>>> print(open('protein09.cif').read())   # mmCIF, C-alpha atoms and all ligand atoms
data_model
loop_
_atom_site.group_PDB
_atom_site.id
_atom_site.type_symbol
_atom_site.label_atom_id
_atom_site.label_comp_id
_atom_site.auth_asym_id
_atom_site.auth_seq_id
_atom_site.Cartn_x
_atom_site.Cartn_y
_atom_site.Cartn_z
ATOM 1 C CA MET I 74 29.696 17.350 -4.559
ATOM 2 C CA ASN I 75 29.148 20.309 -2.270
ATOM 3 C CA PHE I 76 25.424 20.834 -1.604
ATOM 4 C CA ASN I 77 25.552 24.470 -0.571
ATOM 5 C CA GLY I 78 23.095 26.438 -2.744
ATOM 6 C CA LYS I 79 22.228 23.379 -4.875
ATOM 7 C CA HIS I 80 18.619 22.963 -6.049
ATOM 8 C CA ILE I 81 17.316 19.480 -5.312
ATOM 9 C CA LEU I 82 14.032 17.770 -6.215
ATOM 10 C CA LEU I 83 13.378 14.646 -4.145
ATOM 11 C CA THR I 84 10.319 12.461 -4.800
ATOM 12 C CA GLY I 85 8.708 10.639 -1.887
ATOM 13 C CA GLY I 86 10.112 13.158 0.546
ATOM 14 C CA SER I 87 7.101 13.347 2.841
ATOM 15 C CA ASP I 88 8.087 10.275 4.858
ATOM 16 C CA GLY I 89 10.681 7.594 5.578
ATOM 17 C CA ILE I 90 14.089 7.587 3.907
ATOM 18 C CA GLY I 91 13.154 10.503 1.637
ATOM 19 C CA LEU I 92 12.231 12.841 4.490
ATOM 20 C CA ALA I 93 15.407 11.969 6.423
ATOM 21 C CA LEU I 94 17.482 12.584 3.292
ATOM 22 C CA ALA I 95 15.713 15.886 2.554
ATOM 23 C CA ARG I 96 16.443 17.151 6.068
ATOM 24 C CA GLN I 97 20.129 16.167 5.931
ATOM 25 C CA LEU I 98 20.624 17.807 2.524
ATOM 26 C CA ARG I 99 18.792 20.948 3.712
ATOM 27 C CA ASP I 100 21.109 21.071 6.746
ATOM 28 C CA LYS I 101 24.063 21.088 4.324
ATOM 29 C CA GLY I 102 22.779 24.232 2.637
ATOM 30 C CA ALA I 103 20.770 22.833 -0.294
ATOM 31 C CA HIS I 104 17.389 24.178 -1.447
ATOM 32 C CA VAL I 105 15.385 20.961 -1.200
ATOM 33 C CA THR I 106 11.916 20.487 -2.680
ATOM 34 C CA ILE I 107 10.075 17.297 -1.874
ATOM 35 C CA SER I 108 7.065 15.703 -3.531
ATOM 36 C CA GLY I 109 4.400 13.453 -2.040
ATOM 37 C CA ARG I 110 0.629 13.122 -1.652
ATOM 38 C CA ASN I 111 -0.020 13.433 2.072
ATOM 39 C CA GLU I 112 -1.006 17.101 2.495
ATOM 40 C CA GLU I 113 -0.581 17.069 6.273
ATOM 41 C CA ARG I 114 2.963 15.735 6.089
ATOM 42 C CA LEU I 115 3.801 18.122 3.266
ATOM 43 C CA ALA I 116 2.586 21.063 5.367
ATOM 44 C CA THR I 117 4.805 19.921 8.271
ATOM 45 C CA ALA I 118 7.789 19.643 5.923
ATOM 46 C CA LYS I 119 7.091 23.108 4.538
ATOM 47 C CA ALA I 120 7.131 24.523 8.061
ATOM 48 C CA GLU I 121 10.613 22.944 8.432
ATOM 49 C CA GLY I 122 11.932 24.918 5.472
ATOM 50 C CA LEU I 123 11.507 22.356 2.698
ATOM 51 C CA GLY I 124 9.864 23.257 -0.604
ATOM 52 C CA VAL I 125 6.876 21.023 -1.348
ATOM 53 C CA ILE I 126 4.969 19.919 -4.448
ATOM 54 C CA SER I 127 1.921 17.729 -4.039
ATOM 55 C CA GLY I 128 1.089 15.016 -6.540
ATOM 56 C CA ASP I 129 0.616 11.341 -7.346
ATOM 57 C CA LEU I 130 3.478 9.910 -9.429
ATOM 58 C CA SER I 131 1.814 6.616 -10.308
ATOM 59 C CA THR I 132 0.606 7.955 -13.683
ATOM 60 C CA PRO I 133 2.275 9.694 -16.654
ATOM 61 C CA GLN I 134 0.024 12.720 -16.039
ATOM 62 C CA GLY I 135 1.277 12.972 -12.442
ATOM 63 C CA CYS I 136 4.907 13.022 -13.631
ATOM 64 C CA THR I 137 4.150 15.634 -16.287
ATOM 65 C CA ALA I 138 2.311 17.775 -13.716
ATOM 66 C CA LEU I 139 5.367 17.706 -11.420
ATOM 67 C CA ALA I 140 7.634 18.775 -14.290
ATOM 68 C CA ASP I 141 5.173 21.518 -15.310
ATOM 69 C CA THR I 142 5.008 22.833 -11.748
ATOM 70 C CA TRP I 143 8.815 22.947 -11.619
ATOM 71 C CA GLY I 144 8.894 24.777 -14.948
ATOM 72 C CA GLU I 145 12.145 26.489 -15.899
ATOM 73 C CA ALA I 146 13.491 26.752 -12.334
ATOM 74 C CA PRO I 147 17.113 25.594 -11.933
ATOM 75 C CA LEU I 148 17.750 21.973 -10.934
ATOM 76 C CA ASP I 149 21.085 20.443 -9.915
ATOM 77 C CA ILE I 150 20.021 17.123 -8.372
ATOM 78 C CA LEU I 151 17.015 14.867 -9.078
ATOM 79 C CA ILE I 152 16.403 12.138 -6.506
ATOM 80 C CA ASN I 153 13.937 9.433 -7.553
ATOM 81 C CA ASN I 154 12.999 7.959 -4.192
ATOM 82 C CA ALA I 155 9.184 7.524 -4.168
ATOM 83 C CA GLY I 156 8.187 3.890 -4.201
ATOM 84 C CA VAL I 157 5.782 1.294 -2.862
ATOM 85 C CA SER I 158 6.539 -2.128 -1.486
ATOM 86 C CA SER I 159 4.564 -5.107 -0.327
ATOM 87 C CA ALA I 160 1.997 -3.343 1.859
ATOM 88 C CA PRO I 161 -1.493 -4.823 1.426
ATOM 89 C CA ASN I 162 -3.215 -3.408 -1.679
ATOM 90 C CA ALA I 163 -0.006 -1.714 -2.875
ATOM 91 C CA GLY I 164 -0.087 -3.959 -5.928
ATOM 92 C CA VAL I 165 3.386 -5.359 -5.510
ATOM 93 C CA SER I 166 2.716 -8.138 -3.021
ATOM 94 C CA CYS I 167 1.573 -10.888 -5.353
ATOM 95 C CA VAL I 168 1.584 -14.137 -3.467
ATOM 96 C CA TYR I 169 0.373 -16.228 -6.382
ATOM 97 C CA LYS I 170 0.959 -19.494 -4.542
ATOM 98 C CA ALA I 171 -1.668 -18.570 -1.934
ATOM 99 C CA GLY I 172 -4.205 -17.957 -4.661
ATOM 100 C CA GLU I 173 -4.785 -14.370 -3.535
ATOM 101 C CA PRO I 174 -6.705 -12.282 -6.058
ATOM 102 C CA VAL I 175 -4.344 -9.983 -7.956
ATOM 103 C CA ASP I 176 -5.467 -6.374 -8.383
ATOM 104 C CA LEU I 177 -3.991 -5.702 -11.817
ATOM 105 C CA ALA I 178 -4.815 -1.971 -11.726
ATOM 106 C CA ALA I 179 -3.036 -1.527 -8.369
ATOM 107 C CA MET I 180 -0.133 -3.608 -9.690
ATOM 108 C CA ASP I 181 0.198 -1.373 -12.741
ATOM 109 C CA ARG I 182 0.191 1.783 -10.585
ATOM 110 C CA ALA I 183 2.938 0.303 -8.396
ATOM 111 C CA ILE I 184 5.037 -0.695 -11.411
ATOM 112 C CA PHE I 185 4.570 2.807 -12.803
ATOM 113 C CA LEU I 186 5.597 4.504 -9.557
ATOM 114 C CA ASN I 187 8.645 2.297 -8.961
ATOM 115 C CA PHE I 188 9.954 2.075 -12.512
ATOM 116 C CA HIS I 189 8.236 4.338 -15.041
ATOM 117 C CA ALA I 190 8.096 7.463 -12.863
ATOM 118 C CA PRO I 191 11.922 7.722 -12.511
ATOM 119 C CA VAL I 192 12.264 7.213 -16.281
ATOM 120 C CA HIS I 193 9.605 9.839 -17.047
ATOM 121 C CA LEU I 194 11.056 12.336 -14.558
ATOM 122 C CA ILE I 195 14.614 11.895 -15.848
ATOM 123 C CA THR I 196 13.305 12.479 -19.379
ATOM 124 C CA HIS I 197 11.392 15.601 -18.293
ATOM 125 C CA PHE I 198 14.224 17.039 -16.198
ATOM 126 C CA LEU I 199 17.295 16.185 -18.288
ATOM 127 C CA PRO I 200 17.347 19.627 -19.989
ATOM 128 C CA ARG I 201 17.343 21.344 -16.591
ATOM 129 C CA LEU I 202 20.174 19.078 -15.348
ATOM 130 C CA GLN I 203 22.141 19.682 -18.556
ATOM 131 C CA ALA I 204 21.869 23.421 -17.909
ATOM 132 C CA ALA I 205 23.375 23.054 -14.418
ATOM 133 C CA ARG I 206 27.140 23.455 -13.829
ATOM 134 C CA GLU I 207 27.400 20.066 -12.085
ATOM 135 C CA ALA I 208 24.440 17.742 -11.764
ATOM 136 C CA MET I 209 23.391 14.412 -10.325
ATOM 137 C CA ILE I 210 20.598 11.866 -10.723
ATOM 138 C CA VAL I 211 19.977 9.584 -7.755
ATOM 139 C CA ASN I 212 17.806 6.499 -8.239
ATOM 140 C CA VAL I 213 16.730 4.595 -5.141
ATOM 141 C CA THR I 214 16.462 0.873 -5.892
ATOM 142 C CA SER I 215 16.965 -1.808 -3.212
ATOM 143 C CA GLY I 216 19.212 -4.665 -2.166
ATOM 144 C CA LEU I 217 16.452 -6.736 -3.778
ATOM 145 C CA ALA I 218 17.497 -5.300 -7.157
ATOM 146 C CA ILE I 219 20.599 -7.530 -6.871
ATOM 147 C CA ALA I 220 18.716 -10.728 -6.035
ATOM 148 C CA PRO I 221 14.934 -11.140 -5.594
ATOM 149 C CA ARG I 222 12.900 -12.591 -2.731
ATOM 150 C CA SER I 223 9.994 -14.841 -3.587
ATOM 151 C CA GLU I 224 7.323 -12.936 -1.661
ATOM 152 C CA ALA I 225 7.723 -9.703 -3.661
ATOM 153 C CA PRO I 226 8.185 -10.601 -7.337
ATOM 154 C CA ILE I 227 6.734 -7.377 -8.753
ATOM 155 C CA TYR I 228 8.631 -5.105 -6.358
ATOM 156 C CA CYS I 229 11.929 -6.897 -7.041
ATOM 157 C CA ALA I 230 11.368 -6.753 -10.800
ATOM 158 C CA THR I 231 10.720 -2.985 -10.727
ATOM 159 C CA LYS I 232 13.875 -2.382 -8.693
ATOM 160 C CA ALA I 233 16.024 -4.691 -10.872
ATOM 161 C CA GLY I 234 14.669 -2.859 -13.926
ATOM 162 C CA LEU I 235 15.547 0.520 -12.448
ATOM 163 C CA ARG I 236 19.029 -0.765 -11.545
ATOM 164 C CA SER I 237 19.605 -1.901 -15.125
ATOM 165 C CA PHE I 238 18.295 1.414 -16.524
ATOM 166 C CA THR I 239 20.574 3.339 -14.138
ATOM 167 C CA MET I 240 23.671 1.360 -15.189
ATOM 168 C CA ALA I 241 23.010 1.907 -18.895
ATOM 169 C CA LEU I 242 22.186 5.591 -18.513
ATOM 170 C CA ARG I 243 25.321 6.155 -16.391
ATOM 171 C CA HIS I 244 27.351 4.849 -19.301
ATOM 172 C CA GLN I 245 25.511 7.118 -21.770
ATOM 173 C CA LEU I 246 26.191 10.150 -19.577
ATOM 174 C CA LYS I 247 29.808 9.289 -18.736
ATOM 175 C CA ASN I 248 31.316 12.158 -20.749
ATOM 176 C CA THR I 249 28.901 14.741 -19.367
ATOM 177 C CA HIS I 250 28.809 16.647 -16.078
ATOM 178 C CA ILE I 251 25.796 14.578 -14.870
ATOM 179 C CA ARG I 252 26.678 11.894 -12.344
ATOM 180 C CA MET I 253 24.406 8.924 -11.633
ATOM 181 C CA LEU I 254 24.124 7.355 -8.206
ATOM 182 C CA GLU I 255 22.146 4.211 -7.448
ATOM 183 C CA VAL I 256 21.103 3.798 -3.818
ATOM 184 C CA LEU I 257 20.508 0.237 -2.599
ATOM 185 C CA PRO I 258 18.995 0.364 0.898
ATOM 186 C CA PRO I 259 18.760 -2.669 3.188
ATOM 187 C CA VAL I 260 15.702 -3.134 5.442
ATOM 188 C CA VAL I 261 14.913 0.324 6.846
ATOM 189 C CA GLU I 262 12.330 1.044 9.547
ATOM 190 C CA THR I 263 9.727 3.076 7.653
ATOM 191 C CA LYS I 264 6.001 2.993 6.923
ATOM 192 C CA MET I 265 6.856 0.689 4.025
ATOM 193 C CA THR I 266 8.258 -2.035 6.269
ATOM 194 C CA ALA I 267 6.034 -1.485 9.326
ATOM 195 C CA GLY I 268 4.733 -4.878 10.443
ATOM 196 C CA HIS I 269 6.772 -6.667 7.763
ATOM 197 C CA ILE I 270 10.201 -6.901 9.398
ATOM 198 C CA ALA I 271 10.721 -10.596 10.050
ATOM 199 C CA ARG I 272 12.177 -11.728 13.342
ATOM 200 C CA GLY I 273 15.974 -11.893 13.128
ATOM 201 C CA HIS I 274 16.188 -9.313 10.333
ATOM 202 C CA ARG I 275 18.204 -6.247 11.242
ATOM 203 C CA ALA I 276 16.686 -2.928 10.209
ATOM 204 C CA ILE I 277 18.364 0.471 10.242
ATOM 205 C CA SER I 278 16.743 3.857 10.807
ATOM 206 C CA PRO I 279 15.883 6.278 7.968
ATOM 207 C CA ASP I 280 18.492 8.703 9.395
ATOM 208 C CA GLN I 281 21.247 6.057 9.254
ATOM 209 C CA CYS I 282 20.294 5.202 5.679
ATOM 210 C CA ALA I 283 20.158 8.878 4.652
ATOM 211 C CA ALA I 284 23.581 9.584 6.202
ATOM 212 C CA GLU I 285 25.170 6.858 4.031
ATOM 213 C CA VAL I 286 23.426 8.241 0.948
ATOM 214 C CA VAL I 287 24.662 11.783 1.658
ATOM 215 C CA ARG I 288 28.243 10.502 2.016
ATOM 216 C CA ALA I 289 27.967 8.632 -1.297
ATOM 217 C CA MET I 290 26.604 11.761 -3.003
ATOM 218 C CA GLU I 291 29.416 13.884 -1.548
ATOM 219 C CA ARG I 292 32.135 11.597 -2.857
ATOM 220 C CA GLY I 293 30.471 11.146 -6.264
ATOM 221 C CA ALA I 294 30.046 7.377 -5.874
ATOM 222 C CA LYS I 295 28.267 5.255 -8.476
ATOM 223 C CA GLU I 296 26.493 3.077 -5.932
ATOM 224 C CA ALA I 297 25.517 3.459 -2.299
ATOM 225 C CA ASN I 298 25.301 -0.089 -0.974
ATOM 226 C CA VAL I 299 23.811 0.750 2.387
ATOM 227 C CA GLY I 300 24.332 -1.340 5.565
ATOM 228 C CA MET I 301 23.893 -5.086 4.998
ATOM 229 C CA VAL I 302 23.633 -4.592 1.230
ATOM 230 C CA LYS I 303 27.452 -4.307 1.242
ATOM 231 C CA THR I 304 27.606 -7.960 2.333
ATOM 232 C CA LEU I 305 25.029 -8.982 -0.260
ATOM 233 C CA ARG I 306 26.970 -7.137 -2.977
ATOM 234 C CA ARG I 307 30.239 -8.853 -1.946
ATOM 235 C CA THR I 308 28.567 -12.264 -1.816
ATOM 236 C CA TYR I 309 27.004 -11.682 -5.255
ATOM 237 C CA SER I 310 30.370 -10.734 -6.736
ATOM 238 C CA ILE I 311 31.884 -14.021 -5.490
ATOM 239 C CA SER I 312 28.874 -16.290 -6.110
ATOM 240 C CA PRO I 313 25.692 -14.953 -7.741
ATOM 241 C CA ALA I 314 24.062 -18.353 -7.225
ATOM 242 C CA LEU I 315 24.715 -18.275 -3.460
ATOM 243 C CA ALA I 316 23.405 -14.705 -3.158
ATOM 244 C CA ARG I 317 20.232 -15.635 -5.056
ATOM 245 C CA ARG I 318 19.718 -18.760 -2.942
ATOM 246 C CA VAL I 319 19.973 -16.786 0.299
ATOM 247 C CA MET I 320 17.791 -13.890 -0.873
ATOM 248 C CA ILE I 321 14.965 -15.869 -2.487
ATOM 249 C CA GLY I 322 13.725 -17.001 0.939
ATOM 250 C CA PHE I 323 14.616 -13.759 2.767
HETATM 251 N N1 LIG B 1 12.195 0.776 3.783
HETATM 252 C C1 LIG B 1 12.945 -0.166 3.255
HETATM 253 O O1 LIG B 1 13.249 -1.168 3.920
HETATM 254 C C2 LIG B 1 13.473 -0.032 1.851
HETATM 255 C C3 LIG B 1 14.418 -0.969 1.411
HETATM 256 C C4 LIG B 1 14.922 -0.872 0.123
HETATM 257 C C5 LIG B 1 14.493 0.146 -0.710
HETATM 258 N N2 LIG B 1 13.573 1.048 -0.266
HETATM 259 C C6 LIG B 1 13.150 2.097 -1.193
HETATM 260 O O2 LIG B 1 13.347 3.365 -0.615
HETATM 261 C C7 LIG B 1 12.376 4.281 -1.117
HETATM 262 C C8 LIG B 1 11.702 4.979 0.046
HETATM 263 O O3 LIG B 1 11.052 3.996 0.828
HETATM 264 P P1 LIG B 1 10.569 4.256 2.339
HETATM 265 O O4 LIG B 1 10.809 3.008 3.072
HETATM 266 O O5 LIG B 1 11.127 5.523 2.844
HETATM 267 O O6 LIG B 1 8.993 4.361 2.097
HETATM 268 P P2 LIG B 1 7.853 5.189 2.860
HETATM 269 O O7 LIG B 1 8.259 5.554 4.225
HETATM 270 O O8 LIG B 1 6.610 4.389 2.644
HETATM 271 O O9 LIG B 1 7.771 6.528 1.995
HETATM 272 C C9 LIG B 1 7.395 6.451 0.641
HETATM 273 C C10 LIG B 1 7.383 7.837 0.053
HETATM 274 O O10 LIG B 1 6.913 7.717 -1.300
HETATM 275 C C11 LIG B 1 5.772 8.550 -1.467
HETATM 276 N N3 LIG B 1 4.777 7.925 -2.338
HETATM 277 C C12 LIG B 1 4.196 6.712 -2.181
HETATM 278 N N4 LIG B 1 3.305 6.501 -3.151
HETATM 279 C C13 LIG B 1 3.343 7.613 -3.945
HETATM 280 C C14 LIG B 1 2.625 7.992 -5.110
HETATM 281 N N5 LIG B 1 1.705 7.209 -5.679
HETATM 282 N N6 LIG B 1 2.902 9.203 -5.662
HETATM 283 C C15 LIG B 1 3.826 10.027 -5.102
HETATM 284 N N7 LIG B 1 4.530 9.717 -4.004
HETATM 285 C C16 LIG B 1 4.274 8.519 -3.427
HETATM 286 C C17 LIG B 1 5.200 8.722 -0.065
HETATM 287 O O11 LIG B 1 4.521 9.966 0.006
HETATM 288 P P3 LIG B 1 2.936 10.116 0.288
HETATM 289 O O12 LIG B 1 2.550 9.026 1.217
HETATM 290 O O13 LIG B 1 2.846 11.509 0.829
HETATM 291 O O14 LIG B 1 2.345 9.987 -1.081
HETATM 292 C C18 LIG B 1 6.446 8.765 0.799
HETATM 293 O O15 LIG B 1 6.984 10.059 0.849
HETATM 294 C C19 LIG B 1 11.430 3.463 -1.994
HETATM 295 O O16 LIG B 1 11.780 3.598 -3.348
HETATM 296 C C20 LIG B 1 11.679 2.042 -1.530
HETATM 297 O O17 LIG B 1 11.385 1.087 -2.523
HETATM 298 C C21 LIG B 1 13.057 0.986 0.987
#
>>> encode(input="protein09.cif", output="structure tokens")
Amino acid sequence: MNFNGKHILLTGGSDGIGLALARQLRDKGAHVTISGRNEERLATAKAEGLGVISGDLSTPQGCTALADTWGEAPLDILINNAGVSSAPNAGVSCVYKAGEPVDLAAMDRAIFLNFHAPVHLITHFLPRLQAAREAMIVNVTSGLAIAPRSEAPIYCATKAGLRSFTMALRHQLKNTHIRMLEVLPPVVETKMTAGHIARGHRAISPDQCAAEVVRAMERGAKEANVGMVKTLRRTYSISPALARRVMIGF
């Protein structure tokens, strides 16, 4: 796909992988609008030429508000990137074995943001994408969607769920002009992983990750297995049991 003149909505574009991706797509001539909650970061992005919409996507109302704000404006590409990981109080770091109290409300918000929000947004925006000449939906999951690690059961479940949803929807849309890309990042140095990158684990930069995603979007790929996820994907295709054994203690 050629991005020149394309209208793109990218959730979670105020930071990390999303911001790097928004900048690279803007530099290729797309009209990119990002969403996020941090007003300061949104204002900085706006000054860089990105469109911005503020809002919390961890509730159905937040997703509806984003769709209402967008209204009838044209949309060619929807990128579902916003997500939370195992940061303290994010709701997805449930270390049951340590007997930590589980904040069920925070957990539900995290599950909503990681899984329900992409489903809600795709449902809201499908008519706009159907009206476009060529369109694309990009769902950002994780290498952990292939095989989970024990320390992040909720996070891994949301990403595996989104992976499964993406595969099924791709099949439903196969005879339409809407392409579906799943992005599976490895460990990337962002706010999400700050202080959580274990010694010996290799992390890539948000720019490196975004560059691989842009290439996958350009060639109309079904999956962008970024960096080390390529190795995980190959291992899983030879021996799912081996891949699971390695990843569970990752
Ligand atoms: N970093 C990694 O190692 C890694 C690996 C695999 C997959 N991923 C996935 O890649 C995606 C981006 O992650 P990242 O590492 O770039 O994270 P990040 O730097 O923490 O950025 C997360 C983005 O999501 C937005 N966001 C968070 N909570 C939100 C909420 N309730 N409502 C609306 N927006 C919200 C944030 O915006 P505000 O703060 O402005 O709300 C921010 O723009 C996520 O889906 C993540 O699961 C990341």
>>> closest_atom_pairs(input="protein09.cif", of="region 109-152 of chain I", to="region 173-182 of chain I", cutoff="12 Å", atoms="only C-alpha atoms", output="JSON lines")
{"residue": "I:Asp129", "atom": "CA", "partner": "I:Arg182", "partner_atom": "CA", "distance": 10.1}
{"residue": "I:Leu130", "atom": "CA", "partner": "I:Arg182", "partner_atom": "CA", "distance": 8.8}
{"residue": "I:Ser131", "atom": "CA", "partner": "I:Arg182", "partner_atom": "CA", "distance": 5.1}
{"residue": "I:Thr132", "atom": "CA", "partner": "I:Arg182", "partner_atom": "CA", "distance": 6.9}
{"residue": "I:Pro133", "atom": "CA", "partner": "I:Arg182", "partner_atom": "CA", "distance": 10.2}
{"residue": "I:Gly135", "atom": "CA", "partner": "I:Arg182", "partner_atom": "CA", "distance": 11.4}
>>> closest_atom_pairs(input="protein09.cif", of="chain I", to="ligand LIG 1 (chain B)", cutoff="6 Å", atoms="only C-alpha atoms and all ligand atoms", output="CSV")
residue,atom,partner,partner_atom,distance
I:Gly85,CA,B:LIG1,O15,3.3
I:Gly86,CA,B:LIG1,O15,4.4
I:Ser87,CA,B:LIG1,O15,3.8
I:Asp88,CA,B:LIG1,O15,4.2
I:Gly89,CA,B:LIG1,O7,3.4
I:Ile90,CA,B:LIG1,O5,3.8
I:Gly91,CA,B:LIG1,O5,5.5
I:Gly109,CA,B:LIG1,O13,3.8
I:Arg110,CA,B:LIG1,O14,3.6
I:Asn111,CA,B:LIG1,O13,3.7
I:Gly128,CA,B:LIG1,C15,5.9
I:Asp129,CA,B:LIG1,N6,3.6
I:Leu130,CA,B:LIG1,N6,3.9
I:Ser131,CA,B:LIG1,N5,4.7
I:Asn154,CA,B:LIG1,O16,4.6
I:Ala155,CA,B:LIG1,O10,3.7
I:Gly156,CA,B:LIG1,O16,3.7
I:Val157,CA,B:LIG1,O17,5.6
I:Ser158,CA,B:LIG1,O17,5.9
I:Val213,CA,B:LIG1,O16,5.4
I:Thr214,CA,B:LIG1,C5,5.6
I:Ser215,CA,B:LIG1,C4,4.0
I:Pro258,CA,B:LIG1,C4,4.3
I:Pro259,CA,B:LIG1,C3,5.0
I:Val260,CA,B:LIG1,O1,3.5
I:Val261,CA,B:LIG1,O1,3.7
I:Glu262,CA,B:LIG1,N1,5.8
I:Thr263,CA,B:LIG1,O7,4.5
I:Lys264,CA,B:LIG1,O7,4.4
I:Met265,CA,B:LIG1,O8,4.0
I:Thr266,CA,B:LIG1,N1,5.4
>>> resolve_selection(input="protein09.cif", expression="the PyMOL selection byres (((chain I and resi 322) around 7) and not hetatm)", output="PyMOL selection string")
chain I and resi 222-223+319-321+323
>>> residues_around(input="protein09.cif", residues="Ala95 (chain I)", least_positions_apart="2", cutoff="8 Å", atoms="only C-alpha atoms", output="list in words")
Leu83, Gly86, Gly91, Leu92, Ala93, Gln97, Leu98, Arg99, Val105, Thr106, Ile107 and Leu123 of chain I
>>> resolve_selection(input="protein09.cif", expression="the PyMOL selection byres (((chain I and resi 206) around 10) and not hetatm)", output="PyMOL selection string")
chain I and resi 148-149+202-205+207-208+250-251
>>> resolve_selection(input="protein09.cif", expression="the PyMOL selection byres (((chain I and resi 242) around 12) and not hetatm)", output="PyMOL selection string")
chain I and resi 192+195-196+199+210-212+235-241+243-249+251-255+295
>>> atom_distance(input="protein09.cif", atom1="CA of Ala146 (chain I)", atom2="CA of Gly78 (chain I)")
13.6 Å
>>> closest_residue(input="protein09.cif", among="I:Ile184, I:Val256, I:Ala316, I:Ala267", to="Pro226 (chain I)", atoms="only C-alpha atoms")
I:Ile184
>>> atom_distance(input="protein09.cif", atom1="CA of Arg292 (chain I)", atom2="CA of Asn75 (chain I)")
9.2 Å
>>> closest_residue(input="protein09.cif", among="I:Leu94, I:Ala103, I:Ala283, I:Ala171", to="Asn77 (chain I)", atoms="all atoms listed in the file")
I:Ala103
